[in-house]
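Asker: Sharing a structure with you now.
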Amino acid sequence: MRLTRRELAFALLLSLSVFALSSAYYFHFAHALDFEDWLDVDGFTRLVIPDTFAYQNALDYSDPLGSVLSSGVKNTLGPSLLWFLATNRWIPVIFANAVFLFFTLLYLARTARLMEVRAATTLRLMALVALLPTTLYYSIGALKELPTLFGLTGFFYHYIRGNRSRWLAFICLSVLFRYQLAFVFVFFLVFVRFGRRAVPYAFLTLMLVAAMYPLIHLQMFEAETTASYRDLFGAAGSAGGWVESVRETVPVASAGAVLIRIVQSIFEPLLAFGRRPSFIEDGSISIWGLALVGAALILLRYWLTFIRRLVIMIIEKPRVDREVTQLYTFCLVFIFPVAGFSFIQSRYLYPVTVLMLVAAVVGVPGRGVALGHPKTSGVGHSPDAPVDY
């Protein structure tokens, strides 16, 4: 699907802007980052995600593949490959992230066009994704966030277009950076075959898995930070610790705990800021905290709209275009296990940001709305349309 010159130019402008801002950020902190110093620098702390140093250090240029595979760090291959291609230099890695972002924005525009989203809304979403504080933050260093954002968005576009070889290629790219995504793609390809009942069937199946979670322990979705968090804070003494304890030890009731965990994961930055309204850590300003809270505030209304409409899709099974059902199914099978079965960390939900936003602005018919044929009434159009319509 061909895009307009305005969409192409806007995507290029946004990507170049992110590249310029990220490069300026790197040059400001270059001395610290080159020596892997990311805490308490010039009054700031948490300059980058420290994982990027682990991916960088996993490389042995005499045996790059062997060193990465034997590093013992999960999901190292993709980010370490970026460091290898960039010969361990930060600016080429930042440029690669800008390229990932550019093509992500193009796929956003193409997907929105297929969903009959208004052109002005599409441009607004493109700007929102590119200028999210977390997008800028994740563009510093070789990480998994921007490549998997590109992978999921490109996969879904080519899937609804029926380009099998291309969506398979995007599955391979996504799994290269985070192998757990293979299970998400499998879940989606299974449930999407149920047509307009795909969303409720997927939800009921995932709830059944959640009810049995203490008996099966899906470690593939666990993050390494879980163990260190428990060592520091334990499993009790807080509402989050209690929810985690129920999820881990009480069958059936664990399903409710998983649902609570999903809400916690989505709104984690705001919940944490509400408990401790400060960006100061050990006397320094946390750039990580600023990025997370800023992005969470920007995305809040879209998440709320998406969740409300997802509930409608589950309960009412409205007649909408096949692509809308597929979009909500994919978002559900990604968000449920990633947010519900893993350690609370909103960072892991970042790759689904584009698809969640498109789902929020497309929407689904609500209760009491008279429906015609989806193609005559428009994809997801209704008097109950969400923001920006």
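A note on labels: chains of the structure tokens are A, B, ... as shown, every chain counts residues from 1, and ligands are counted from 1 in their shown order.
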Using only C-alpha atoms, which residues of range 257-308 of chain A come within 9 Å of range 350-363 of chain A, and what is the closest atom pair for each, with the distance in Å to one decimal? Give it as a Markdown table, sorted by chain and residue number.

Answerer:
```
| residue | atom | partner | partner_atom | distance |
| --- | --- | --- | --- | --- |
| A:Leu299 | CA | A:Leu357 | CA | 8.4 |
| A:Tyr302 | CA | A:Ala360 | CA | 5.8 |
| A:Trp303 | CA | A:Ala360 | CA | 7.4 |
| A:Leu304 | CA | A:Ala360 | CA | 8.6 |
| A:Thr305 | CA | A:Ala360 | CA | 5.7 |
| A:Phe306 | CA | A:Ala360 | CA | 4.7 |
| A:Ile307 | CA | A:Ala360 | CA | 8.5 |
```

Asker: Could you write out that same residue set with N, CA, C and O atoms as a PDB file, in the first residue's frame?

Answerer:
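The file below, selection.pdb, is the result:
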```
ATOM      1  N   LEU A 299       0.090   8.183  27.221  1.00  0.00           N
ATOM      2  CA  LEU A 299      -0.643   7.020  26.712  1.00  0.00           C
ATOM      3  C   LEU A 299      -1.878   6.671  27.534  1.00  0.00           C
ATOM      4  O   LEU A 299      -2.634   5.775  27.142  1.00  0.00           O
ATOM      5  N   TYR A 302      -5.329   6.500  25.892  1.00  0.00           N
ATOM      6  CA  TYR A 302      -5.392   5.454  24.870  1.00  0.00           C
ATOM      7  C   TYR A 302      -5.495   4.070  25.511  1.00  0.00           C
ATOM      8  O   TYR A 302      -6.245   3.209  25.040  1.00  0.00           O
ATOM      9  N   TRP A 303      -4.743   3.855  26.586  1.00  0.00           N
ATOM     10  CA  TRP A 303      -4.846   2.573  27.287  1.00  0.00           C
ATOM     11  C   TRP A 303      -6.255   2.382  27.851  1.00  0.00           C
ATOM     12  O   TRP A 303      -6.820   1.288  27.768  1.00  0.00           O
ATOM     13  N   LEU A 304      -6.816   3.412  28.437  1.00  0.00           N
ATOM     14  CA  LEU A 304      -8.156   3.294  29.013  1.00  0.00           C
ATOM     15  C   LEU A 304      -9.190   3.000  27.926  1.00  0.00           C
ATOM     16  O   LEU A 304     -10.089   2.168  28.113  1.00  0.00           O
ATOM     17  N   THR A 305      -9.074   3.662  26.787  1.00  0.00           N
ATOM     18  CA  THR A 305      -9.986   3.400  25.673  1.00  0.00           C
ATOM     19  C   THR A 305      -9.810   1.981  25.158  1.00  0.00           C
ATOM     20  O   THR A 305     -10.791   1.260  24.910  1.00  0.00           O
ATOM     21  N   PHE A 306      -8.562   1.573  25.002  1.00  0.00           N
ATOM     22  CA  PHE A 306      -8.292   0.221  24.507  1.00  0.00           C
ATOM     23  C   PHE A 306      -8.867  -0.838  25.442  1.00  0.00           C
ATOM     24  O   PHE A 306      -9.519  -1.789  24.995  1.00  0.00           O
ATOM     25  N   ILE A 307      -8.649  -0.693  26.744  1.00  0.00           N
ATOM     26  CA  ILE A 307      -9.135  -1.682  27.707  1.00  0.00           C
ATOM     27  C   ILE A 307     -10.664  -1.754  27.683  1.00  0.00           C
ATOM     28  O   ILE A 307     -11.253  -2.847  27.691  1.00  0.00           O
TER      29      ILE A 307
END
```

Asker: Leaving out Phe27 in chain A and any residue of its chain fewer than 6 positions from it, which residues lie within 12 Å of it when counting only C-alpha atoms, given as a PyMOL selection string?

Answerer: chain A and resi 20-21+33-34+90-91+94+140

Asker: Those same residues - N, CA and C atoms - I'd like them written as a JSON list (two decimals), in the first residue's frame.

Answerer:
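Final output, part.json:
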```
[["chain", "number", "residue", "atom", "x", "y", "z"],
["A", 20, "ALA", "N", 18.70, 12.94, 15.94],
["A", 20, "ALA", "CA", 19.43, 14.13, 16.37],
["A", 20, "ALA", "C", 19.38, 14.30, 17.89],
["A", 21, "LEU", "N", 18.19, 14.14, 18.47],
["A", 21, "LEU", "CA", 18.05, 14.29, 19.92],
["A", 21, "LEU", "C", 18.83, 13.22, 20.67],
["A", 33, "LEU", "N", 29.10, 7.16, 29.36],
["A", 33, "LEU", "CA", 28.59, 5.98, 28.68],
["A", 33, "LEU", "C", 29.70, 5.13, 28.09],
["A", 34, "ASP", "N", 30.74, 5.76, 27.60],
["A", 34, "ASP", "CA", 31.85, 5.00, 27.03],
["A", 34, "ASP", "C", 32.55, 4.15, 28.09],
["A", 90, "TRP", "N", 28.48, 4.00, 19.44],
["A", 90, "TRP", "CA", 27.14, 4.38, 19.87],
["A", 90, "TRP", "C", 26.34, 5.05, 18.76],
["A", 91, "ILE", "N", 26.93, 5.96, 18.00],
["A", 91, "ILE", "CA", 26.17, 6.71, 17.00],
["A", 91, "ILE", "C", 25.59, 5.79, 15.92],
["A", 94, "ILE", "N", 22.58, 4.21, 17.43],
["A", 94, "ILE", "CA", 21.47, 5.17, 17.51],
["A", 94, "ILE", "C", 20.84, 5.35, 16.13],
["A", 140, "ILE", "N", 18.84, 4.93, 22.83],
["A", 140, "ILE", "CA", 20.23, 5.06, 23.25],
["A", 140, "ILE", "C", 20.79, 3.66, 23.53]]
```

Asker: Tell me, in Å to one decimal, how far CA of Glu323 in chain A is from CA of Leu149 in chain A.

Answerer: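 Taking CA of Glu323 in chain A as the start and CA of Leu149 in chain A as the end point, the length is 19.2 Å.
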
Asker: Quick one: contact table of range 263-368 of chain A to range 185-200 of chain A, 6 Å max, nearest atom pair and distance in Å to one decimal per residue, counting only C-alpha atoms, chain and number order, as CSV?

Answerer:
```
residue,atom,partner,partner_atom,distance
A:Ile314,CA,A:Pro200,CA,4.5
A:Thr329,CA,A:Val199,CA,5.1
A:Phe330,CA,A:Phe188,CA,5.7
```

Asker: Residues within 6 Å of Ser284 in chain A, please, as a PDB file with C-alpha atoms, in the first residue's frame. Count only C-alpha atoms; anything in the same chain fewer than 5 positions from it doesn't count.

Answerer:
```pdb
ATOM      1  CA  GLY A  43      23.212  15.221  38.773  1.00  0.00           C
ATOM      2  CA  PHE A  44      21.407  12.576  36.725  1.00  0.00           C
ATOM      3  CA  THR A  45      21.029   8.844  37.193  1.00  0.00           C
TER       4      THR A  45
END
```

Asker: Mind checking which residues fall within 9 Å of range 269-274 of chain A, counting only C-alpha atoms, ignoring those fewer than 2 positions away in the same chain, and posting them as a count of residues only?

Answerer: 17

Asker: List as a short mmCIF file (atom, residue, chain, number, x, y, z; two decimals) with all heavy atoms, in the first residue's frame the protein and nucleic acid residues near Ala9 in chain A, meaning an atom at most 12 Å away when only C-alpha atoms are counted, but skip any in the same chain fewer than 2 places from it.

Answerer:
```cif
data_model
loop_
_atom_site.label_atom_id
_atom_site.label_comp_id
_atom_site.auth_asym_id
_atom_site.auth_seq_id
_atom_site.Cartn_x
_atom_site.Cartn_y
_atom_site.Cartn_z
N LEU A 3 1.96 5.09 0.46
CA LEU A 3 1.65 6.17 1.37
C LEU A 3 1.72 7.50 0.66
O LEU A 3 2.34 7.62 -0.41
CB LEU A 3 2.61 6.14 2.56
CG LEU A 3 2.61 4.87 3.40
CD1 LEU A 3 3.68 4.95 4.48
CD2 LEU A 3 1.25 4.63 4.03
N THR A 4 1.13 8.51 1.25
CA THR A 4 1.22 9.84 0.69
C THR A 4 2.61 10.43 0.95
O THR A 4 3.33 9.98 1.85
CB THR A 4 0.16 10.76 1.32
OG1 THR A 4 0.46 10.94 2.71
CG2 THR A 4 -1.23 10.17 1.17
N ARG A 5 2.97 11.43 0.15
CA ARG A 5 4.26 12.08 0.36
C ARG A 5 4.32 12.74 1.73
O ARG A 5 5.38 12.78 2.36
CB ARG A 5 4.48 13.13 -0.73
CG ARG A 5 4.71 12.55 -2.12
CD ARG A 5 5.01 13.65 -3.12
NE ARG A 5 5.26 13.10 -4.44
CZ ARG A 5 5.53 13.85 -5.53
NH1 ARG A 5 5.57 15.17 -5.40
NH2 ARG A 5 5.75 13.28 -6.69
N ARG A 6 3.20 13.23 2.20
CA ARG A 6 3.17 13.86 3.52
C ARG A 6 3.49 12.85 4.61
O ARG A 6 4.26 13.15 5.54
CB ARG A 6 1.81 14.49 3.77
CG ARG A 6 1.72 15.22 5.11
CD ARG A 6 0.44 16.02 5.26
NE ARG A 6 -0.74 15.16 5.22
CZ ARG A 6 -1.96 15.59 5.52
NH1 ARG A 6 -2.16 16.87 5.84
NH2 ARG A 6 -2.99 14.76 5.47
N GLU A 7 2.94 11.65 4.51
CA GLU A 7 3.22 10.61 5.51
C GLU A 7 4.68 10.18 5.46
O GLU A 7 5.32 10.02 6.50
CB GLU A 7 2.30 9.42 5.28
CG GLU A 7 0.83 9.71 5.63
CD GLU A 7 -0.11 8.63 5.14
OE1 GLU A 7 0.21 7.95 4.14
OE2 GLU A 7 -1.19 8.47 5.76
N ALA A 11 7.29 10.84 8.52
CA ALA A 11 8.02 9.73 9.15
C ALA A 11 9.53 9.99 9.12
O ALA A 11 10.23 9.74 10.10
CB ALA A 11 7.69 8.43 8.45
N LEU A 12 10.01 10.50 7.99
CA LEU A 12 11.45 10.80 7.88
C LEU A 12 11.85 11.92 8.82
O LEU A 12 12.88 11.83 9.51
CB LEU A 12 11.78 11.18 6.43
CG LEU A 12 13.26 11.49 6.13
CD1 LEU A 12 14.13 10.28 6.46
CD2 LEU A 12 13.43 11.93 4.69
N LEU A 13 11.03 12.97 8.89
CA LEU A 13 11.33 14.08 9.79
C LEU A 13 11.36 13.63 11.24
O LEU A 13 12.27 14.01 12.00
CB LEU A 13 10.28 15.18 9.60
CG LEU A 13 10.37 16.38 10.56
CD1 LEU A 13 11.68 17.12 10.35
CD2 LEU A 13 9.18 17.32 10.35
N LEU A 14 10.39 12.83 11.63
CA LEU A 14 10.34 12.35 13.01
C LEU A 14 11.55 11.48 13.34
O LEU A 14 12.16 11.61 14.41
CB LEU A 14 9.04 11.58 13.24
CG LEU A 14 7.76 12.40 13.28
CD1 LEU A 14 6.54 11.48 13.27
CD2 LEU A 14 7.72 13.31 14.50
N SER A 15 11.91 10.60 12.44
CA SER A 15 13.04 9.70 12.68
C SER A 15 14.35 10.46 12.77
O SER A 15 15.19 10.18 13.64
CB SER A 15 13.11 8.65 11.57
OG SER A 15 11.92 7.92 11.48
N LEU A 16 14.53 11.43 11.88
CA LEU A 16 15.74 12.25 11.93
C LEU A 16 15.79 13.09 13.21
O LEU A 16 16.86 13.29 13.79
CB LEU A 16 15.81 13.15 10.70
CG LEU A 16 16.09 12.45 9.37
CD1 LEU A 16 16.04 13.45 8.22
CD2 LEU A 16 17.43 11.73 9.39
N PHE A 102 11.77 4.64 11.76
CA PHE A 102 11.24 5.14 10.49
C PHE A 102 10.31 4.12 9.85
O PHE A 102 9.18 4.44 9.46
CB PHE A 102 12.40 5.47 9.55
CG PHE A 102 11.97 5.83 8.15
CD1 PHE A 102 11.33 7.02 7.89
CD2 PHE A 102 12.21 4.95 7.10
CE1 PHE A 102 10.92 7.35 6.60
CE2 PHE A 102 11.80 5.26 5.82
CZ PHE A 102 11.16 6.47 5.55
N LEU A 105 7.04 3.64 11.75
CA LEU A 105 6.07 4.70 11.47
C LEU A 105 5.38 4.49 10.12
O LEU A 105 4.19 4.75 9.96
CB LEU A 105 6.76 6.06 11.51
CG LEU A 105 7.34 6.48 12.86
CD1 LEU A 105 8.05 7.82 12.75
CD2 LEU A 105 6.27 6.54 13.94
N LEU A 106 6.13 3.98 9.14
CA LEU A 106 5.52 3.68 7.85
C LEU A 106 4.49 2.57 7.99
O LEU A 106 3.39 2.66 7.41
CB LEU A 106 6.59 3.28 6.84
CG LEU A 106 7.62 4.35 6.45
CD1 LEU A 106 8.51 3.83 5.31
CD2 LEU A 106 6.95 5.66 6.05
N ALA A 109 1.36 3.91 9.58
CA ALA A 109 0.51 4.64 8.63
C ALA A 109 -0.22 3.68 7.70
O ALA A 109 -1.41 3.87 7.40
CB ALA A 109 1.37 5.61 7.82
N LEU A 123 -1.34 10.87 11.47
CA LEU A 123 -0.16 11.73 11.67
C LEU A 123 0.06 12.01 13.15
O LEU A 123 1.19 12.04 13.64
CB LEU A 123 -0.34 13.04 10.91
CG LEU A 123 -0.36 12.93 9.38
CD1 LEU A 123 -0.62 14.30 8.75
CD2 LEU A 123 0.94 12.34 8.84
N MET A 126 1.65 8.97 14.68
CA MET A 126 3.06 8.87 14.28
C MET A 126 3.93 9.77 15.15
O MET A 126 4.99 9.36 15.64
CB MET A 126 3.20 9.23 12.80
CG MET A 126 2.57 8.23 11.84
SD MET A 126 2.49 8.82 10.13
CE MET A 126 4.25 8.85 9.70
#
```

Asker: What is the distance between CA of Ala211 in chain A and CA of Pro337 in chain A, in Å to one decimal?

Answerer: 12.6 Å

Asker: Could you work out how far CA of Val258 in chain A lies from CA of Ala202 in chain A, giving the answer in Å with one decimal?

Answerer: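 Going from CA of Ala202 in chain A over to CA of Val258 in chain A, I get 15.1 Å.
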
Asker: Closest to Ile216 in chain A among A:Pro251, A:Ala98, A:Phe203, A:Ala142, using only C-alpha atoms?

Answerer: A:Pro251

Asker: Run DSSP on the backbone and grab whatever in range 65-288 of chain A lands in strand (DSSP E or B); send it over as a ChimeraX atom specification.

Answerer: /A:280-281,284-286

Asker: Got a sec: who's within 10 Å of Leu173 in chain A, counting only C-alpha atoms, leaving out chain neighbours fewer than 6 positions off, as a list in words?

Answerer: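 Residues meeting the cut-off are Gly78, Pro147, Thr148, Phe150, Gly151, Leu152, Phe155, Trp167 and Tyr179 of chain A.
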
Asker: Near Arg2 in chain A, counting only C-alpha atoms, which residues have an atom at most 12 Å away, once you skip same-chain residues fewer than 6 positions from it, shown as a list in words?

Answerer: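 Here the qualifying residues turn out to be Leu8, Leu106, Tyr107, Ala109, Arg110, Thr111, Arg113 and Leu114 of chain A.
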
Asker: With only C-alpha atoms as the basis for distance, which of A:Gly241, A:Pro214, A:Gly154, A:Pro133 is at the shortest distance from Phe100 in chain A?

Answerer: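 Going through A:Gly241, A:Pro214, A:Gly154, A:Pro133 one by one, the smallest distance to Phe100 in chain A is for A:Gly154.
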
Asker: So, with only C-alpha atoms as the atoms that count, which of A:Tyr61, A:Lys74, A:Ser139, A:Leu125 lies closest to Tyr26 in chain A?

Answerer: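 Among A:Tyr61, A:Lys74, A:Ser139, A:Leu125, it is A:Ser139 that comes nearest to Tyr26 in chain A.
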
Asker: In range 40-196 of chain A, what's alpha helix (DSSP H) per DSSP? Answer as a PyMOL selection string?

Answerer: chain A and resi 51-57+64-69+77-85+90-114+119-131+133-138+145-161+164-177+181-191
